[in-house]
$ cat query-v2.tsv   # TSV, C-alpha atoms and all ligand atoms
chain	number	residue	atom	x	y	z
E	12	MET	CA	59.86	-141.40	215.88
E	13	ASN	CA	57.31	-142.74	213.44
E	14	ASP	CA	54.68	-145.29	214.48
E	15	LYS	CA	56.33	-148.04	212.53
E	16	LEU	CA	59.24	-147.81	214.94
E	17	ALA	CA	57.11	-147.94	218.10
E	18	LEU	CA	57.33	-151.34	219.77
E	19	PRO	CA	55.38	-152.37	222.86
E	20	VAL	CA	56.76	-152.42	226.39
E	21	GLY	CA	57.98	-155.95	227.10
E	22	THR	CA	59.64	-156.42	223.69
E	23	THR	CA	63.00	-158.12	224.20
E	24	LEU	CA	66.11	-156.15	223.32
E	25	ASP	CA	67.04	-158.71	220.66
E	26	ARG	CA	63.67	-158.40	218.96
E	27	PHE	CA	63.77	-154.63	219.27
E	28	ILE	CA	67.17	-154.47	217.59
E	29	MET	CA	66.02	-156.92	214.91
E	30	ARG	CA	62.84	-154.94	214.18
E	31	LYS	CA	64.78	-151.69	213.91
E	32	GLN	CA	67.10	-153.43	211.48
E	33	GLU	CA	64.12	-154.45	209.29
E	34	ASP	CA	63.33	-150.76	208.89
E	35	PHE	CA	66.71	-150.33	207.19
E	36	PRO	CA	66.76	-153.19	204.64
E	37	PHE	CA	69.98	-152.00	203.00
E	38	ALA	CA	71.96	-151.79	206.22
E	39	SER	CA	74.42	-154.62	206.72
E	40	GLY	CA	73.22	-155.54	210.21
E	41	GLU	CA	76.68	-155.07	211.71
E	42	LEU	CA	75.59	-152.29	214.05
E	43	SER	CA	72.71	-154.48	215.27
E	44	GLN	CA	75.17	-157.26	215.98
E	45	LEU	CA	77.48	-154.85	217.76
E	46	LEU	CA	74.65	-153.68	220.03
E	47	ARG	CA	73.90	-157.29	220.85
E	48	ASP	CA	77.59	-157.87	221.70
E	49	ILE	CA	77.45	-154.95	224.11
E	50	ALA	CA	74.28	-156.30	225.71
E	51	LEU	CA	75.92	-159.70	226.14
E	52	ALA	CA	78.97	-158.16	227.82
E	53	ALA	CA	76.63	-156.15	230.07
E	54	LYS	CA	74.92	-159.35	231.19
E	55	ILE	CA	78.26	-160.92	232.02
E	56	VAL	CA	79.45	-157.85	233.92
E	57	ASN	CA	76.12	-157.71	235.73
E	58	ARG	CA	76.70	-161.28	236.88
E	59	GLU	CA	80.23	-160.46	238.06
E	60	ILE	CA	78.97	-157.42	239.98
E	61	ASN	CA	76.25	-159.44	241.67
E	62	ARG	CA	78.78	-162.05	242.70
E	63	ALA	CA	81.36	-159.52	243.85
E	64	GLY	CA	80.46	-159.58	247.53
E	65	LEU	CA	80.17	-163.33	247.64
E	66	LEU	CA	83.42	-164.11	245.92
E	67	ASP	CA	85.33	-161.25	247.49
E	68	ILE	CA	86.58	-160.11	244.12
E	69	SER	CA	85.98	-156.45	244.80
E	70	GLY	CA	88.66	-154.27	246.32
E	71	ALA	CA	91.86	-152.84	245.00
E	72	PHE	CA	93.77	-154.88	242.46
E	73	GLY	CA	97.04	-153.14	243.22
E	74	GLN	CA	97.28	-151.38	239.85
E	75	GLN	CA	96.59	-147.84	238.77
E	76	ASN	CA	94.76	-146.88	235.59
E	77	VAL	CA	96.05	-144.31	233.11
E	78	GLN	CA	94.65	-141.42	235.13
E	79	GLY	CA	96.65	-142.55	238.16
E	80	GLU	CA	93.56	-143.74	240.00
E	81	GLU	CA	93.51	-147.02	241.81
E	82	GLN	CA	91.87	-149.67	239.71
E	83	GLN	CA	89.33	-151.92	241.33
E	84	LYS	CA	89.23	-155.55	240.44
E	85	LEU	CA	85.79	-155.27	238.92
E	86	ASP	CA	87.02	-152.46	236.63
E	87	VAL	CA	89.60	-154.84	235.28
E	88	ILE	CA	87.08	-157.62	234.86
E	89	ALA	CA	84.56	-155.37	233.10
E	90	ASN	CA	87.29	-154.09	230.80
E	91	ILE	CA	88.31	-157.62	229.85
E	92	ARG	CA	84.71	-158.75	229.33
E	93	PHE	CA	83.75	-155.86	227.08
E	94	ILE	CA	86.94	-156.09	225.02
E	95	ARG	CA	86.45	-159.83	224.62
E	96	ALA	CA	82.83	-159.44	223.51
E	97	LEU	CA	83.75	-156.74	221.00
E	98	ARG	CA	86.72	-158.71	219.70
E	99	ASN	CA	84.66	-161.88	219.29
E	100	GLY	CA	81.84	-159.97	217.58
E	101	GLY	CA	84.08	-158.87	214.74
E	102	GLU	CA	82.36	-155.54	213.92
E	103	VAL	CA	84.81	-153.35	215.85
E	104	CYS	CA	88.33	-152.64	214.63
E	105	THR	CA	89.47	-150.40	217.49
E	106	ILE	CA	88.46	-149.72	221.10
E	107	ILE	CA	89.19	-146.82	223.41
E	108	SER	CA	88.82	-147.76	227.07
E	109	GLU	CA	89.14	-145.67	230.19
E	110	GLU	CA	91.22	-148.47	231.62
E	111	GLU	CA	93.90	-148.50	228.90
E	112	GLU	CA	96.21	-145.73	227.87
E	113	ASP	CA	96.53	-146.62	224.20
E	114	LEU	CA	93.89	-147.52	221.71
E	115	ILE	CA	93.19	-151.23	221.52
E	116	GLN	CA	93.31	-152.98	218.15
E	117	THR	CA	90.93	-155.93	218.12
E	118	GLY	CA	92.58	-157.53	215.09
E	119	ASN	CA	89.26	-157.28	213.21
E	120	LYS	CA	90.64	-155.15	210.40
E	121	LYS	CA	87.42	-155.54	208.46
E	122	GLY	CA	85.41	-154.11	211.36
E	123	ARG	CA	83.70	-150.85	210.43
E	124	TYR	CA	83.23	-149.49	213.93
E	125	ILE	CA	85.12	-147.81	216.75
E	126	VAL	CA	83.89	-148.15	220.33
E	127	ALA	CA	84.85	-145.74	223.11
E	128	MET	CA	83.90	-146.99	226.57
E	129	ASP	CA	84.18	-146.66	230.28
E	130	PRO	CA	83.63	-150.32	231.17
E	131	LEU	CA	82.83	-149.65	234.81
E	132	ASP	CA	82.21	-146.10	235.90
E	133	GLY	CA	81.84	-144.95	239.49
E	134	SER	CA	84.58	-147.20	240.80
E	135	SER	CA	84.62	-145.57	244.22
E	136	ASN	CA	81.12	-146.99	244.70
E	137	ILE	CA	81.96	-150.62	243.95
E	138	ASP	CA	82.93	-151.61	247.47
E	139	VAL	CA	79.93	-150.01	249.11
E	140	ASN	CA	77.13	-151.58	247.10
E	141	VAL	CA	76.09	-148.39	245.31
E	142	SER	CA	75.01	-148.22	241.65
E	143	ILE	CA	77.73	-148.25	239.02
E	144	GLY	CA	77.59	-148.21	235.24
E	145	THR	CA	79.07	-148.84	231.81
E	146	ILE	CA	79.14	-146.03	229.23
E	147	PHE	CA	79.79	-146.43	225.49
E	148	SER	CA	79.88	-144.57	222.19
E	149	ILE	CA	80.02	-146.05	218.71
E	150	TYR	CA	81.60	-144.36	215.70
E	151	ARG	CA	82.01	-145.43	212.09
E	152	ARG	CA	85.67	-145.57	211.12
E	153	CYS	CA	86.94	-143.02	208.57
E	154	SER	CA	90.04	-145.03	207.64
E	155	GLU	CA	89.99	-147.71	204.99
E	156	VAL	CA	88.46	-151.08	205.91
E	157	GLY	CA	91.09	-153.84	205.96
E	158	THR	CA	93.58	-151.94	208.14
E	159	ASP	CA	93.85	-151.22	211.87
E	160	GLY	CA	91.79	-148.26	213.11
E	161	THR	CA	93.73	-145.00	213.41
E	162	MET	CA	94.01	-142.19	215.95
E	163	GLU	CA	91.93	-140.07	213.55
E	164	ASP	CA	89.16	-142.68	213.75
E	165	CYS	CA	89.23	-142.39	217.52
E	166	LEU	CA	89.34	-138.60	217.78
E	167	GLN	CA	86.01	-137.85	216.10
E	168	ALA	CA	83.69	-135.21	217.53
E	169	GLY	CA	80.60	-136.39	219.39
E	170	THR	CA	78.40	-135.24	216.50
E	171	GLN	CA	79.80	-138.20	214.55
E	172	GLN	CA	78.48	-140.81	217.00
E	173	ILE	CA	76.15	-143.29	215.40
E	174	ALA	CA	75.06	-144.83	218.69
E	175	ALA	CA	75.67	-144.35	222.39
E	176	GLY	CA	74.36	-145.83	225.58
E	177	TYR	CA	74.90	-146.85	229.14
E	178	VAL	CA	74.15	-149.68	231.48
E	179	VAL	CA	73.24	-148.88	235.06
E	180	TYR	CA	73.79	-151.71	237.52
E	181	GLY	CA	71.39	-150.54	240.20
E	182	SER	CA	68.40	-151.86	242.10
E	183	SER	CA	67.66	-153.32	238.70
E	184	THR	CA	70.02	-153.36	235.74
E	185	MET	CA	69.05	-151.24	232.77
E	186	LEU	CA	70.48	-150.63	229.33
E	187	VAL	CA	69.60	-147.31	227.73
E	188	TYR	CA	70.72	-146.44	224.22
E	189	THR	CA	70.17	-144.32	221.16
E	190	THR	CA	71.05	-144.72	217.51
E	191	GLY	CA	70.01	-141.15	216.82
E	192	ASN	CA	66.30	-141.85	216.59
E	193	GLY	CA	65.13	-141.38	220.17
E	194	VAL	CA	66.19	-143.09	223.38
E	195	ASN	CA	64.93	-146.42	224.66
E	196	GLY	CA	65.52	-148.13	227.99
E	197	PHE	CA	65.52	-151.87	228.69
E	198	THR	CA	65.33	-153.54	232.09
E	199	TYR	CA	67.17	-156.78	232.73
E	200	GLU	CA	65.22	-159.77	233.99
E	201	PRO	CA	67.97	-161.92	235.52
E	202	SER	CA	65.99	-165.15	235.79
E	203	LEU	CA	65.37	-165.06	232.04
E	204	GLY	CA	68.69	-163.50	231.06
E	205	GLU	CA	66.93	-160.94	228.85
E	206	PHE	CA	66.62	-157.18	228.61
E	207	PHE	CA	63.00	-156.07	228.06
E	208	LEU	CA	61.82	-152.73	226.72
E	209	SER	CA	60.59	-150.88	229.82
E	210	HIS	CA	61.14	-147.20	228.95
E	211	PRO	CA	60.21	-146.59	225.30
E	212	ASN	CA	61.04	-143.28	223.66
E	213	ILE	CA	62.41	-141.54	226.76
E	214	LYS	CA	61.88	-137.78	226.85
E	215	THR	CA	63.54	-135.81	229.62
E	216	PRO	CA	61.51	-133.02	231.27
E	217	GLN	CA	62.44	-129.56	230.00
E	218	THR	CA	63.05	-128.46	233.56
E	219	GLY	CA	63.28	-130.01	237.00
E	220	ASN	CA	64.29	-129.36	240.58
E	221	ILE	CA	67.21	-131.73	241.13
E	222	TYR	CA	70.81	-130.54	240.98
E	223	SER	CA	73.71	-132.97	241.20
E	224	CYS	CA	77.29	-131.96	241.86
E	225	ASN	CA	80.03	-132.62	244.37
E	226	GLU	CA	79.57	-129.54	246.51
E	227	GLY	CA	82.63	-130.52	248.55
E	228	GLY	CA	84.69	-128.82	245.85
E	229	SER	CA	82.49	-125.76	245.55
E	230	ASN	CA	85.03	-123.31	247.00
E	231	SER	CA	86.94	-123.59	243.75
E	232	PHE	CA	83.94	-123.73	241.38
E	233	PRO	CA	83.69	-120.90	238.84
E	234	GLU	CA	81.61	-117.99	240.17
E	235	GLY	CA	78.79	-118.69	237.70
E	236	ILE	CA	78.41	-122.25	239.01
E	237	LYS	CA	78.50	-121.07	242.63
E	238	ASN	CA	75.79	-118.57	241.79
E	239	TYR	CA	73.69	-121.22	240.08
E	240	ILE	CA	73.96	-123.48	243.12
E	241	ASN	CA	72.82	-120.62	245.33
E	242	TYR	CA	69.91	-120.12	242.94
E	243	CYS	CA	69.02	-123.83	243.35
E	244	LYS	CA	69.07	-123.44	247.13
E	245	GLU	CA	67.02	-120.24	247.06
E	246	ASN	CA	64.44	-122.13	245.05
E	247	ASN	CA	64.43	-125.18	247.34
E	248	TYR	CA	65.73	-127.58	244.73
E	249	SER	CA	66.78	-131.05	245.85
E	250	GLY	CA	70.49	-131.81	245.96
E	251	ARG	CA	71.11	-135.41	244.84
E	252	TYR	CA	74.61	-136.75	244.23
E	253	ILE	CA	75.48	-140.43	244.17
E	254	GLY	CA	78.98	-139.93	242.78
E	255	SER	CA	78.23	-142.43	240.02
E	256	LEU	CA	77.78	-140.49	236.83
E	257	VAL	CA	75.52	-143.05	235.16
E	258	ALA	CA	73.21	-143.30	238.15
E	259	ASP	CA	73.04	-139.53	238.68
E	260	PHE	CA	72.46	-138.97	234.98
E	261	HIS	CA	69.82	-141.69	234.72
E	262	ARG	CA	67.79	-140.31	237.62
E	263	ASN	CA	67.91	-136.78	236.24
E	264	LEU	CA	67.05	-137.98	232.72
E	265	LEU	CA	63.84	-139.58	233.99
E	266	LYS	CA	62.86	-137.03	236.62
E	267	GLY	CA	64.28	-133.78	235.23
E	268	GLY	CA	67.42	-132.24	236.70
E	269	ILE	CA	70.96	-131.18	236.06
E	270	TYR	CA	74.35	-132.82	236.62
E	271	ILE	CA	77.36	-130.53	236.91
E	272	TYR	CA	81.06	-131.43	237.02
E	273	PRO	CA	82.76	-128.06	236.65
E	274	PRO	CA	86.44	-127.18	236.58
E	275	THR	CA	87.84	-127.24	240.11
E	276	ALA	CA	91.22	-126.52	241.70
E	277	LYS	CA	91.85	-130.28	241.81
E	278	ALA	CA	90.55	-130.91	238.28
E	279	PRO	CA	91.06	-127.75	236.19
E	280	ASN	CA	89.40	-129.29	233.11
E	281	GLY	CA	86.76	-131.08	235.10
E	282	LYS	CA	87.12	-134.75	235.89
E	283	LEU	CA	85.04	-136.50	233.26
E	284	ARG	CA	86.35	-137.82	229.99
E	285	LEU	CA	85.08	-136.41	226.72
E	286	LEU	CA	85.23	-139.51	224.54
E	287	TYR	CA	83.53	-142.11	226.69
E	288	GLU	CA	81.63	-140.21	229.38
E	289	ALA	CA	80.58	-136.73	228.24
E	290	ASN	CA	79.92	-137.40	224.54
E	291	SER	CA	77.96	-140.60	225.10
E	292	LEU	CA	75.63	-139.03	227.65
E	293	ALA	CA	75.39	-135.82	225.60
E	294	PHE	CA	74.09	-137.79	222.60
E	295	ILE	CA	71.52	-139.51	224.79
E	296	VAL	CA	70.37	-136.36	226.55
E	297	GLU	CA	69.98	-134.47	223.27
E	298	GLN	CA	68.00	-137.35	221.79
E	299	ALA	CA	65.76	-137.18	224.86
E	300	GLY	CA	65.25	-133.42	224.40
E	301	GLY	CA	67.87	-132.22	226.90
E	302	LYS	CA	71.19	-130.43	226.57
E	303	ALA	CA	74.91	-130.85	227.35
E	304	THR	CA	77.59	-128.16	227.43
E	305	ASN	CA	81.03	-127.53	228.87
E	306	GLY	CA	79.81	-124.07	229.88
E	307	THR	CA	80.52	-122.33	226.60
E	308	GLN	CA	80.35	-125.01	223.93
E	309	ARG	CA	78.03	-127.88	223.03
E	310	ILE	CA	79.79	-131.04	224.26
E	311	MET	CA	79.27	-132.93	220.99
E	312	GLU	CA	80.99	-130.18	218.98
E	313	ILE	CA	84.25	-130.25	220.95
E	314	GLU	CA	87.05	-131.47	218.67
E	315	PRO	CA	88.96	-134.11	220.62
E	316	THR	CA	92.75	-133.95	220.64
E	317	GLU	CA	93.54	-136.77	223.08
E	318	LEU	CA	92.02	-140.14	223.89
E	319	HIS	CA	91.58	-139.46	227.58
E	320	GLN	CA	90.86	-135.74	227.42
E	321	ARG	CA	88.69	-134.30	230.15
E	322	CYS	CA	86.04	-131.62	229.94
E	323	PRO	CA	83.67	-129.81	232.28
E	324	LEU	CA	80.18	-131.29	231.98
E	325	ILE	CA	76.84	-129.56	232.53
E	326	ILE	CA	74.09	-131.88	231.38
E	327	GLY	CA	70.38	-132.40	231.82
E	328	SER	CA	67.08	-130.59	231.36
E	329	THR	CA	67.37	-127.88	228.71
E	330	GLU	CA	66.03	-124.98	230.74
E	331	MET	CA	68.32	-125.78	233.65
E	332	VAL	CA	71.40	-126.04	231.43
E	333	ASP	CA	70.43	-122.74	229.77
E	334	LYS	CA	70.18	-121.16	233.21
E	335	VAL	CA	73.70	-122.30	234.15
E	336	GLU	CA	75.05	-120.93	230.87
E	337	GLY	CA	73.36	-117.63	231.69
E	338	PHE	CA	75.05	-117.50	235.10
E	339	LEU	CA	78.41	-118.33	233.51
E	340	ARG	CA	77.98	-115.59	230.89
E	341	ALA	CA	77.10	-113.09	233.62
E	342	GLU	CA	80.39	-113.99	235.33
E	343	VAL	CA	82.57	-112.62	232.51
E	401	LIG	P1	85.67	-142.93	237.42
E	401	LIG	O1	85.53	-143.04	235.93
E	401	LIG	O2	87.09	-143.03	237.87
E	401	LIG	O3	84.76	-143.86	238.15
E	401	LIG	O4	85.27	-141.41	237.79
E	401	LIG	C1	84.08	-140.88	237.31
E	401	LIG	C2	83.15	-140.68	238.46
E	401	LIG	C3	81.74	-140.40	238.04
E	401	LIG	O5	80.99	-141.56	237.98
E	401	LIG	C4	81.26	-139.50	239.13
E	401	LIG	O6	80.20	-138.70	238.70
E	401	LIG	C5	82.47	-138.72	239.47
E	401	LIG	O7	83.57	-139.53	239.14
E	401	LIG	C6	82.54	-138.41	240.92
E	401	LIG	O8	83.68	-137.66	241.18
E	401	LIG	P2	83.86	-136.91	242.58
E	401	LIG	O9	84.13	-137.98	243.58
E	401	LIG	O10	85.01	-135.99	242.36
E	401	LIG	O11	82.58	-136.18	242.87
E	402	MG	MG	84.45	-143.13	234.50

$ encode --input "query-v2.tsv" --output "structure tokens" --more "lines below"
Ligand code: AHM
Ligand code: MG
Amino acid sequence: MNDKLALPVGTTLDRFIMRKQEDFPFASGELSQLLRDIALAAKIVNREINRAGLLDISGAFGQQNVQGEEQQKLDVIANIRFIRALRNGGEVCTIISEEEEDLIQTGNKKGRYIVAMDPLDGSSNIDVNVSIGTIFSIYRRCSEVGTDGTMEDCLQAGTQQIAAGYVVYGSSTMLVYTTGNGVNGFTYEPSLGEFFLSHPNIKTPQTGNIYSCNEGGSNSFPEGIKNYINYCKENNYSGRYIGSLVADFHRNLLKGGIYIYPPTAKAPNGKLRLLYEANSLAFIVEQAGGKATNGTQRIMEIEPTELHQRCPLIIGSTEMVDKVEGFLRAEV
């Protein structure tokens, strides 16, 4: 990042986005507006989450999402809020959401962007007051402006992302995003209703001593992963697993560590979704100096074939991800 782009801690997200925009005088400003729309939806969802206990709106809604998992009420609310914000903003022609089987046309045929999102990830944690998150990726459409977005627009490889980010609703709420020029994190100040730059130019440590995976499924992990986990134990690493991808990823990004969701007997392609979980976090981790792979291939180079496709995910500090790949290679 050059100095011109460095803004002081405490800068509001709006000002930050505006100042970045000034560095690109020929850009239309639509991406800046889109990022603001996402931040607005995040504030609304944050409010809903904070009210969830009080208003008793958490708990099962009696529907299942496209993966056959029970949808929580807050998932539904977050989905509606994000879609509404993106539709009202006008920059997005088509949305892919974890909560909806088909792509969603916003009706904004002039919109130049596609958004892929998991509006509320970590749904099993909603009822128990544990951190949850929103994950998003932004792509430029390849189809002609003036029409609905197409499946081809939606099935672009992660390398084509022009922005990606997440919101973690935790002990404080943070929005972390990249537009391909480093990663910046903003902390929400609820009494002012603003996100403030708190983590400028995030760089993840090259190595660490935290490993995060659901070891309950380890009997059916690939041998290379089992061996890596043994290696972590032999070296007294810390096992940390919240079961909320955003929260696990965020901790490891700041402290150094690795998150692993391998293929298992229950989930032969892993559990996580390529388009709105793996790719988004892969773009962020790479921008922060880390690495993301499915074991054999860079996540962002996987060519998607389906909207809700899953992939194994090994993501975090570069040296740790390299180590896992080494163990996996030794397996064959
Ligand atoms: P979700 O999108 O249905 O919430 O599932 C994704 C979540 C991730 O946040 C988390 O890392 C993972 O599922 C946990 O899965 P498991 O319970 O199998 O460990
Ligand atoms: Mg999810």

$ residues_around --input "query-v2.tsv" --residues "Cys153 of chain E" --least-positions-apart "4" --cutoff "10 Å" --atoms "all atoms listed in the file" --output "ChimeraX atom specification"
/E:123-125,160-161,163-165,167

$ closest_residue --input "query-v2.tsv" --among "E:Gly254, E:Gly228, E:Gly176, E:Pro233" --to "ligand MG 402 (chain E)" --atoms "all atoms listed in the file"
E:Gly254

$ atom_distance --input "query-v2.tsv" --atom1 "atom CA of Asn192 of chain E" --atom2 "atom CA of Gln298 of chain E"
7.1 Å

$ residues_near_ligand --input "query-v2.tsv" --ligand "ligand LIG 401 (chain E)" --cutoff "6 Å" --atoms "only C-alpha atoms and all ligand atoms" --output "list in words"
Asp132, Gly133, Ser134, Asn225, Gly254, Ser255 and Leu256 of chain E

$ write_last_selection --input "query-v2.tsv" --atoms "C-alpha atoms" --output "PDB file, in the coordinates of the input"
ATOM      1  CA  ASP E 132      82.210-146.100 235.900  1.00  0.00           C
ATOM      2  CA  GLY E 133      81.840-144.950 239.490  1.00  0.00           C
ATOM      3  CA  SER E 134      84.580-147.200 240.800  1.00  0.00           C
ATOM      4  CA  ASN E 225      80.030-132.620 244.370  1.00  0.00           C
ATOM      5  CA  GLY E 254      78.980-139.930 242.780  1.00  0.00           C
ATOM      6  CA  SER E 255      78.230-142.430 240.020  1.00  0.00           C
ATOM      7  CA  LEU E 256      77.780-140.490 236.830  1.00  0.00           C
TER       8      LEU E 256
END

$ closest_atom_pairs --input "query-v2.tsv" --of "chain E" --to "ligand MG 402 (chain E)" --cutoff "7 Å" --atoms "all atoms listed in the file" --output "tab-separated table"
residue	atom	partner	partner_atom	distance
E:Glu109	CA	E:MG402	MG	6.9
E:Asp129	CA	E:MG402	MG	5.5
E:Leu131	CA	E:MG402	MG	6.7
E:Asp132	CA	E:MG402	MG	4.0
E:Gly133	CA	E:MG402	MG	5.9
E:Leu283	CA	E:MG402	MG	6.8
E:Glu288	CA	E:MG402	MG	6.5
